$ cat upload03.cif   # mmCIF, C-alpha atoms and all ligand atoms
data_query
loop_
_atom_site.label_atom_id
_atom_site.label_comp_id
_atom_site.auth_asym_id
_atom_site.auth_seq_id
_atom_site.Cartn_x
_atom_site.Cartn_y
_atom_site.Cartn_z
CA MET A 1 -151.27 -52.69 63.51
CA LEU A 2 -154.01 -54.89 62.16
CA VAL A 3 -156.39 -57.01 64.19
CA VAL A 4 -157.64 -60.02 62.25
CA MET A 5 -160.86 -61.44 63.68
CA GLU A 6 -161.86 -65.12 63.50
CA ALA A 7 -164.02 -65.96 60.48
CA GLY A 8 -167.05 -66.46 62.71
CA ALA A 9 -166.46 -63.50 65.05
CA ARG A 10 -169.71 -62.04 66.35
CA PRO A 11 -170.58 -58.32 65.85
CA GLU A 12 -170.36 -57.69 69.62
CA GLU A 13 -166.83 -59.17 69.70
CA ILE A 14 -165.78 -56.84 66.87
CA GLU A 15 -167.44 -53.94 68.67
CA ALA A 16 -165.56 -54.70 71.92
CA VAL A 17 -162.20 -54.51 70.12
CA VAL A 18 -163.20 -51.26 68.39
CA ARG A 19 -164.23 -49.73 71.74
CA HIS A 20 -160.94 -50.72 73.34
CA ILE A 21 -158.93 -49.15 70.50
CA GLU A 22 -160.91 -45.92 70.78
CA ARG A 23 -160.56 -45.91 74.58
CA ILE A 24 -156.77 -45.83 74.26
CA GLY A 25 -157.03 -42.80 71.96
CA LEU A 26 -156.59 -44.46 68.57
CA ARG A 27 -158.84 -44.86 65.57
CA ALA A 28 -160.36 -48.22 64.63
CA HIS A 29 -161.32 -48.97 61.02
CA THR A 30 -163.53 -52.00 60.60
CA ILE A 31 -162.78 -53.65 57.28
CA PRO A 32 -165.27 -56.40 56.40
CA GLY A 33 -163.86 -58.95 53.95
CA ALA A 34 -165.11 -62.02 52.10
CA GLN A 35 -163.43 -64.41 54.57
CA ARG A 36 -163.04 -62.38 57.75
CA THR A 37 -163.24 -58.93 59.28
CA ALA A 38 -160.08 -57.00 60.04
CA ILE A 39 -159.72 -53.90 62.18
CA GLY A 40 -157.05 -51.43 61.16
CA ILE A 41 -155.59 -49.27 63.93
CA THR A 42 -154.38 -45.81 63.03
CA GLY A 43 -153.31 -42.75 64.96
CA ASN A 44 -150.03 -41.37 66.13
CA ARG A 45 -150.26 -41.83 69.87
CA GLY A 46 -147.53 -44.43 70.25
CA ALA A 47 -147.39 -48.19 70.26
CA VAL A 48 -150.27 -50.53 71.00
CA ASP A 49 -149.64 -53.63 73.10
CA PRO A 50 -150.70 -56.53 70.83
CA ALA A 51 -150.91 -58.92 73.77
CA VAL A 52 -153.82 -56.98 75.27
CA ILE A 53 -155.84 -57.12 72.04
CA GLU A 54 -154.96 -60.76 71.36
CA ASN A 55 -156.84 -61.68 74.54
CA PHE A 56 -160.14 -60.28 73.33
CA SER A 57 -162.66 -62.91 72.39
CA GLY A 58 -162.99 -63.52 68.63
CA VAL A 59 -159.52 -62.19 67.81
CA LYS A 60 -157.46 -64.50 65.59
CA GLU A 61 -154.22 -62.53 65.45
CA VAL A 62 -152.72 -59.07 65.75
CA ILE A 63 -150.18 -58.34 63.06
CA PRO A 64 -147.83 -55.40 62.76
CA VAL A 65 -148.15 -53.75 59.35
CA SER A 66 -144.71 -53.34 57.87
CA HIS A 67 -145.30 -50.37 55.56
CA SER A 68 -146.56 -46.92 56.31
CA TYR A 69 -149.79 -47.53 54.41
CA LYS A 70 -152.22 -49.80 56.19
CA LEU A 71 -155.85 -49.43 55.15
CA VAL A 72 -155.04 -49.48 51.43
CA SER A 73 -153.06 -52.72 51.71
CA ARG A 74 -154.08 -56.28 50.95
CA GLU A 75 -152.95 -57.20 54.45
CA ALA A 76 -155.91 -55.20 55.72
CA LYS A 77 -158.28 -56.53 53.06
CA PRO A 78 -157.20 -59.47 50.89
CA ASP A 79 -160.15 -59.31 48.47
CA ASP A 80 -160.61 -56.58 45.84
CA SER A 81 -162.71 -53.61 46.87
CA ILE A 82 -165.75 -52.83 44.79
CA ILE A 83 -166.77 -49.18 45.01
CA ASN A 84 -170.31 -48.14 44.26
CA VAL A 85 -170.46 -44.88 42.30
CA GLY A 86 -174.06 -43.75 41.99
CA GLY A 87 -175.22 -47.34 41.41
CA VAL A 88 -172.30 -48.44 39.18
CA ASP A 89 -169.77 -50.88 40.63
CA VAL A 90 -166.11 -50.07 40.06
CA GLY A 91 -163.69 -52.95 40.63
CA GLY A 92 -164.31 -56.66 40.83
CA ASN A 93 -165.07 -58.57 37.67
CA GLY A 94 -166.54 -55.73 35.64
CA ILE A 95 -164.66 -52.96 33.89
CA ILE A 96 -166.02 -49.48 33.32
CA VAL A 97 -165.55 -46.61 30.90
CA VAL A 98 -165.79 -43.04 32.17
CA GLY A 99 -166.25 -40.56 29.35
CA GLY A 100 -166.99 -36.88 28.94
CA PRO A 101 -165.45 -33.55 28.09
CA CYS A 102 -162.44 -32.08 29.83
CA ALA A 103 -164.59 -29.16 30.96
CA VAL A 104 -168.28 -28.39 31.23
CA GLU A 105 -168.64 -25.49 28.79
CA SER A 106 -172.40 -25.10 28.46
CA TYR A 107 -175.57 -27.10 29.00
CA ASP A 108 -175.89 -27.90 25.28
CA GLN A 109 -172.28 -29.06 24.94
CA THR A 110 -172.54 -31.22 28.06
CA ARG A 111 -175.88 -32.71 27.10
CA THR A 112 -174.73 -33.53 23.55
CA ILE A 113 -171.67 -35.36 24.81
CA ALA A 114 -173.50 -37.12 27.66
CA GLU A 115 -176.05 -38.46 25.19
CA ARG A 116 -173.22 -40.01 23.17
CA ILE A 117 -171.48 -41.43 26.24
CA LYS A 118 -174.70 -43.13 27.30
CA ARG A 119 -175.47 -44.39 23.80
CA GLY A 120 -171.89 -45.59 23.35
CA GLY A 121 -172.04 -47.73 26.50
CA GLY A 122 -170.16 -45.59 29.03
CA GLN A 123 -171.05 -46.15 32.69
CA LEU A 124 -169.96 -42.84 34.23
CA PHE A 125 -169.82 -39.27 32.94
CA ARG A 126 -166.94 -36.90 33.60
CA GLY A 127 -166.56 -33.15 33.10
CA GLY A 128 -164.70 -30.47 35.03
CA ALA A 129 -166.59 -27.58 36.59
CA TYR A 130 -163.42 -26.44 38.37
CA LYS A 131 -160.38 -26.63 36.13
CA PRO A 132 -156.83 -26.56 37.51
CA ARG A 133 -155.13 -24.75 34.61
CA THR A 134 -151.42 -24.09 34.19
CA SER A 135 -152.12 -20.53 33.08
CA PRO A 136 -154.35 -18.16 35.06
CA TYR A 137 -155.60 -16.81 31.71
CA SER A 138 -156.97 -20.17 30.53
CA PHE A 139 -160.64 -21.14 31.02
CA GLN A 140 -161.08 -21.92 34.72
CA GLY A 141 -164.46 -23.69 34.56
CA LEU A 142 -168.09 -22.72 35.14
CA GLU A 143 -167.84 -23.58 38.86
CA GLU A 144 -171.18 -24.11 40.61
CA LYS A 145 -173.11 -23.47 37.40
CA GLY A 146 -171.10 -26.31 35.86
CA LEU A 147 -172.10 -28.59 38.73
CA GLU A 148 -175.74 -27.71 38.15
CA ILE A 149 -175.39 -28.64 34.49
CA LEU A 150 -173.79 -31.96 35.43
CA ALA A 151 -176.55 -32.75 37.90
CA ARG A 152 -179.18 -31.97 35.28
CA VAL A 153 -177.52 -34.19 32.69
CA ARG A 154 -177.22 -37.01 35.23
CA GLU A 155 -180.98 -36.95 35.70
CA GLU A 156 -181.62 -36.93 31.97
CA PHE A 157 -179.37 -39.89 31.13
CA ASP A 158 -178.95 -41.79 34.41
CA LEU A 159 -175.22 -41.27 34.17
CA PRO A 160 -173.47 -40.88 37.52
CA ILE A 161 -171.08 -37.92 37.58
CA VAL A 162 -167.35 -37.74 38.34
CA THR A 163 -165.99 -34.21 38.70
CA GLU A 164 -162.95 -32.58 40.20
CA ALA A 165 -162.67 -30.61 43.44
CA ILE A 166 -159.68 -28.29 43.54
CA ASP A 167 -159.97 -26.82 47.04
CA HIS A 168 -162.08 -27.03 50.21
CA GLU A 169 -164.82 -24.79 48.88
CA SER A 170 -165.33 -26.75 45.67
CA LEU A 171 -165.03 -30.05 47.56
CA ALA A 172 -168.09 -29.23 49.65
CA LEU A 173 -170.09 -28.42 46.50
CA VAL A 174 -168.83 -31.41 44.49
CA ASP A 175 -169.75 -33.66 47.43
CA GLN A 176 -173.25 -32.23 47.27
CA TYR A 177 -173.85 -32.35 43.49
CA ALA A 178 -171.76 -35.23 42.11
CA ASP A 179 -171.51 -39.00 42.58
CA CYS A 180 -167.73 -39.11 42.80
CA ILE A 181 -165.13 -36.55 43.84
CA GLN A 182 -162.06 -36.40 41.63
CA ILE A 183 -158.82 -35.25 43.22
CA GLY A 184 -156.54 -34.26 40.36
CA ALA A 185 -152.87 -34.94 39.78
CA ARG A 186 -151.88 -31.47 40.97
CA ASN A 187 -153.60 -32.00 44.31
CA MET A 188 -152.52 -35.58 44.97
CA GLN A 189 -150.37 -34.40 47.84
CA ASN A 190 -152.61 -31.62 49.09
CA PHE A 191 -152.95 -33.37 52.42
CA SER A 192 -155.48 -30.99 53.86
CA LEU A 193 -157.74 -31.54 50.82
CA LEU A 194 -157.22 -35.32 51.06
CA LYS A 195 -158.31 -35.29 54.69
CA ALA A 196 -161.39 -33.26 53.80
CA ALA A 197 -162.19 -35.78 51.03
CA GLY A 198 -161.86 -38.44 53.71
CA ARG A 199 -164.68 -36.76 55.61
CA ALA A 200 -166.88 -36.40 52.51
CA ARG A 201 -169.80 -38.73 51.77
CA LYS A 202 -169.03 -39.54 48.16
CA PRO A 203 -166.42 -41.94 46.72
CA VAL A 204 -163.12 -40.40 45.65
CA LEU A 205 -161.19 -40.87 42.41
CA LEU A 206 -157.59 -40.07 43.25
CA LYS A 207 -155.32 -39.31 40.31
CA ARG A 208 -151.62 -39.99 40.49
CA GLY A 209 -149.41 -36.91 40.70
CA MET A 210 -147.26 -36.39 37.64
CA SER A 211 -144.09 -37.26 39.52
CA ALA A 212 -145.51 -39.40 42.31
CA THR A 213 -144.18 -42.85 43.15
CA LEU A 214 -146.40 -45.81 43.85
CA ASP A 215 -145.84 -45.44 47.59
CA GLU A 216 -146.73 -41.76 47.49
CA LEU A 217 -149.95 -42.54 45.59
CA LEU A 218 -150.92 -45.20 48.11
CA LEU A 219 -150.12 -42.94 51.05
CA SER A 220 -152.36 -40.25 49.58
CA ALA A 221 -155.16 -42.83 49.38
CA GLU A 222 -154.33 -43.74 52.97
CA TYR A 223 -154.91 -40.09 53.99
CA ILE A 224 -158.45 -40.27 52.62
CA MET A 225 -159.19 -43.66 54.17
CA SER A 226 -157.69 -42.77 57.52
CA GLU A 227 -160.45 -40.15 57.88
CA GLY A 228 -163.13 -42.79 57.36
CA ASN A 229 -163.91 -42.66 53.63
CA TYR A 230 -163.00 -46.14 52.38
CA ASN A 231 -164.43 -45.62 48.90
CA VAL A 232 -161.28 -44.70 47.06
CA MET A 233 -160.32 -45.47 43.45
CA LEU A 234 -156.90 -44.75 42.00
CA CYS A 235 -156.14 -43.42 38.53
CA GLU A 236 -152.91 -43.53 36.52
CA ARG A 237 -152.82 -40.47 34.24
CA GLY A 238 -149.25 -40.41 32.97
CA VAL A 239 -146.06 -39.16 34.52
CA ARG A 240 -143.36 -36.76 33.33
CA THR A 241 -140.44 -38.36 31.55
CA PHE A 242 -137.91 -37.37 28.87
CA SER A 243 -140.21 -38.78 26.16
CA ASP A 244 -141.66 -35.93 24.20
CA HIS A 245 -143.79 -37.69 21.61
CA THR A 246 -146.64 -37.64 24.12
CA ARG A 247 -147.79 -35.12 26.75
CA ASN A 248 -146.95 -37.57 29.55
CA THR A 249 -145.86 -41.20 29.70
CA VAL A 250 -148.58 -43.64 30.74
CA ASP A 251 -146.96 -45.86 33.35
CA LEU A 252 -149.00 -49.01 32.81
CA SER A 253 -146.89 -51.21 35.04
CA ILE A 254 -148.31 -49.36 38.03
CA VAL A 255 -151.56 -51.29 37.47
CA PRO A 256 -150.22 -54.77 38.33
CA ALA A 257 -147.98 -53.14 40.96
CA VAL A 258 -151.03 -51.64 42.70
CA LYS A 259 -153.01 -54.88 42.36
CA ARG A 260 -150.25 -56.79 44.11
CA ILE A 261 -150.28 -54.71 47.26
CA SER A 262 -153.63 -52.94 47.38
CA HIS A 263 -157.28 -53.94 47.18
CA LEU A 264 -158.32 -50.59 45.68
CA PRO A 265 -159.59 -50.37 42.09
CA ILE A 266 -157.40 -48.55 39.59
CA LEU A 267 -158.42 -46.82 36.37
CA VAL A 268 -156.18 -45.43 33.63
CA ASP A 269 -156.63 -42.06 31.92
CA PRO A 270 -154.89 -42.29 28.54
CA SER A 271 -156.27 -38.87 27.50
CA HIS A 272 -154.11 -36.86 29.90
CA GLY A 273 -151.60 -39.71 29.77
CA THR A 274 -150.81 -39.19 26.09
CA GLY A 275 -152.38 -35.83 25.22
CA LYS A 276 -153.00 -37.15 21.70
CA ARG A 277 -156.31 -38.34 20.33
CA ASN A 278 -154.79 -41.02 18.11
CA LYS A 279 -153.13 -42.72 21.08
CA VAL A 280 -156.15 -42.90 23.38
CA VAL A 281 -157.78 -46.03 21.94
CA PRO A 282 -154.58 -48.14 21.76
CA MET A 283 -153.59 -47.15 25.30
CA SER A 284 -157.11 -47.87 26.55
CA ARG A 285 -156.90 -51.38 25.12
CA ALA A 286 -153.50 -51.83 26.75
CA SER A 287 -154.83 -50.55 30.09
CA ILE A 288 -157.51 -53.21 30.22
CA ALA A 289 -155.00 -55.84 29.11
CA VAL A 290 -152.74 -55.08 32.10
CA GLY A 291 -155.65 -55.41 34.52
CA ALA A 292 -157.07 -51.90 35.01
CA ASP A 293 -160.63 -51.75 36.31
CA GLY A 294 -161.57 -49.25 33.63
CA VAL A 295 -160.50 -46.22 31.66
CA LEU A 296 -161.34 -42.54 31.89
CA VAL A 297 -161.30 -40.67 28.59
CA GLU A 298 -162.12 -37.21 27.30
CA VAL A 299 -164.70 -36.91 24.53
CA HIS A 300 -165.92 -33.85 22.62
CA HIS A 301 -168.23 -33.56 19.63
CA LYS A 302 -166.38 -30.44 18.41
CA PRO A 303 -162.85 -30.84 19.79
CA GLU A 304 -161.49 -27.97 17.68
CA GLU A 305 -163.80 -25.63 19.60
CA ALA A 306 -163.16 -27.14 23.06
CA LEU A 307 -162.15 -24.67 25.75
CA SER A 308 -159.57 -27.12 27.09
CA ASP A 309 -157.74 -30.28 26.00
CA GLY A 310 -159.32 -30.45 22.52
CA PRO A 311 -156.32 -32.23 20.94
CA GLN A 312 -156.74 -35.25 23.20
CA ALA A 313 -160.55 -35.48 23.03
CA LEU A 314 -162.02 -38.46 21.21
CA LEU A 315 -164.84 -37.94 18.76
CA PRO A 316 -168.04 -39.70 19.84
CA ASP A 317 -167.78 -42.34 17.08
CA THR A 318 -164.29 -43.27 18.26
CA PHE A 319 -165.64 -43.51 21.80
CA ASP A 320 -168.12 -46.14 20.55
CA GLN A 321 -165.23 -48.09 19.05
CA LEU A 322 -163.24 -47.80 22.28
CA VAL A 323 -166.07 -49.24 24.37
CA ARG A 324 -166.45 -52.21 22.00
CA GLU A 325 -162.74 -52.92 21.96
CA VAL A 326 -162.08 -52.68 25.71
CA ASP A 327 -165.05 -54.99 26.31
CA ALA A 328 -163.58 -57.52 23.85
CA ILE A 329 -160.22 -57.40 25.64
CA ALA A 330 -161.85 -57.69 29.05
CA ARG A 331 -163.63 -60.86 27.89
CA VAL A 332 -160.33 -62.51 26.98
CA LEU A 333 -159.42 -62.03 30.65
CA GLY A 334 -162.70 -63.39 31.97
CA ARG A 335 -164.06 -59.92 32.69
CA ALA A 336 -166.59 -57.77 30.85
CA LEU A 337 -167.89 -54.24 30.63
CA GLN A 338 -170.21 -53.47 33.54
CA PRO A 339 -173.78 -52.81 32.38
CA ALA A 340 -174.68 -49.12 32.38
CA LEU A 341 -177.59 -48.02 34.55
CA ALA A 342 -180.88 -48.51 32.78
CA ALA A 343 -182.36 -45.19 31.69
CA SER A 344 -185.42 -44.43 33.77
C1 LIG B 401 -158.85 -33.94 34.45
O1 LIG B 401 -159.13 -35.15 34.58
O2 LIG B 401 -159.63 -33.12 33.95
C2 LIG B 401 -157.53 -33.46 34.88
C3 LIG B 401 -157.28 -32.16 35.03
O3 LIG B 401 -156.66 -34.44 35.06
P1 LIG B 401 -155.23 -34.47 35.82
O4 LIG B 401 -155.48 -34.03 37.23
O5 LIG B 401 -154.84 -35.91 35.70
O6 LIG B 401 -154.33 -33.56 35.05
MN MN B 402 -158.49 -32.40 30.58
#
$ encode --input "upload03.cif" --output "structure tokens" --more "lines below"
Ligand code: PEP
Ligand code: MN
Amino acid sequence: MLVVMEAGARPEEIEAVVRHIERIGLRAHTIPGAQRTAIGITGNRGAVDPAVIENFSGVKEVIPVSHSYKLVSREAKPDDSIINVGGVDVGGNGIIVVGGPCAVESYDQTRTIAERIKRGGGQLFRGGAYKPRTSPYSFQGLEEKGLEILARVREEFDLPIVTEAIDHESLALVDQYADCIQIGARNMQNFSLLKAAGRARKPVLLKRGMSATLDELLLSAEYIMSEGNYNVMLCERGVRTFSDHTRNTVDLSIVPAVKRISHLPILVDPSHGTGKRNKVVPMSRASIAVGADGVLVEVHHKPEEALSDGPQALLPDTFDQLVREVDAIARVLGRALQPALAAS
């Protein structure tokens, strides 16, 4: 159920509706929009009587929401959400490039790559301190030490940090150190982790599971939002198909599909999506052409020595080229690369 307030509804009218919803044991989510404020009602305590809410002053209409996702939908918020990640806007008219290594391996490695991401025009820096690896014998990440390195590099280059949380323990630390919490493909349906991310303070980058449908992705975002964290960005990172010329198949049509029904920004990760360095730039260009709000790519200055995902890592010079080319494509569409934060 969604309560749409009149365009000129006063804050105390909105507050009265919120109080009523909470009094009957449900949760109210105030969603300010460009034209009007909506209030999403969630909870599983049975039906709400729309007639009662319709009588509140300032209420325009009460509409039943037809699908199981509510807060992520354009019915709840018709205009695109813009999420602030450490001072950088994601969504809206600008596009962004997130770059960095698959994993934080050392301070020197991280610093070297961050310097190139900043110089190349990237807005956000990525790097895993907790790595969800298929084999227990593969490098698992530097954990909290990795977060400390990321935080240090952020200060040096004014590059907000995106890094993955793999469980409740790492989530609490990532929330503390980073600017954005990544929930990886393998955890897209870890509902307990999603709820915890919904109670965290930082924005969340939610990656699509490797066999998740559009509805499942949106419902996972709904889990986060239903706990009160409305700063959610989606990320397409390739799904499993019979095609074996790439690691995964980048499902680009999910971008316009998401845009049609959701106000949330969506990025594309062609690094995990293809697994091959030579396909990352073309698929990045294509991602922006289909309307993605940015791309997330892996970069390493010595990919042959990388502790994970070396074959898909771009060299820094190619990252520079990628930034130039996605900006050019964005401009054709009346968009442009977001400015990076000025170095202090
Ligand atoms: C990553 O971004 O480092 C990662 C592990 O991605 P995914 O969850 O998409 O596999
Ligand atoms: Mn990786």
$ closest_atom_pairs --input "upload03.cif" --of "stretch 40-103 of chain A" --to "stretch 153-167 of chain A" --cutoff "9 Å" --atoms "only C-alpha atoms" --output "tab-separated table"
residue	atom	partner	partner_atom	distance
A:Val85	CA	A:Pro160	CA	6.9
A:Gly86	CA	A:Pro160	CA	5.3
A:Gly87	CA	A:Pro160	CA	7.7
A:Val88	CA	A:Pro160	CA	7.8
A:Val98	CA	A:Val162	CA	8.3
$ residues_near_ligand --input "upload03.cif" --ligand "ligand LIG 401 (chain B)" --cutoff "6 Å" --atoms "only C-alpha atoms and all ligand atoms" --output "count of residues only"
8
$ closest_residue --input "upload03.cif" --among "A:Asn187, A:Asn229, A:Thr213, A:Ser243" --to "A:Pro132" --atoms "all atoms listed in the file"
A:Asn187
$ residues_near_point --input "upload03.cif" --point "(-144.7, -53.5, 43.4)" --cutoff "12 Å" --atoms "all atoms listed in the file" --output "count of residues only"
15
$ residues_near_ligand --input "upload03.cif" --ligand "ligand MN 402 (chain B)" --cutoff "9 Å" --atoms "all atoms listed in the file" --output "list in words"
Pro101, Cys102, Ala103, Gly127, Gly128, Lys131, Ser271, His272, Gly275, Val297, Glu298, Ser308, Asp309, Gly310, Gln312 and Ala313 of chain A
$ residues_around --input "upload03.cif" --residues "A:Val3" --least-positions-apart "4" --cutoff "7 Å" --atoms "only C-alpha atoms" --output "list in words"
Ala38, Ile39, Gly40, Glu61, Val62 and Ile63 of chain A
$ closest_residue --input "upload03.cif" --among "A:Leu264, A:Leu205, A:Ala172, A:Ala28" --to "A:Asp79" --atoms "all atoms listed in the file"
A:Leu264
$ atom_distance --input "upload03.cif" --atom1 "atom CA of A:Gln182" --atom2 "atom CA of A:Val204"
5.8 Å
$ atom_distance --input "upload03.cif" --atom1 "atom CA of A:Ser81" --atom2 "atom CA of A:Val4"
17.4 Å
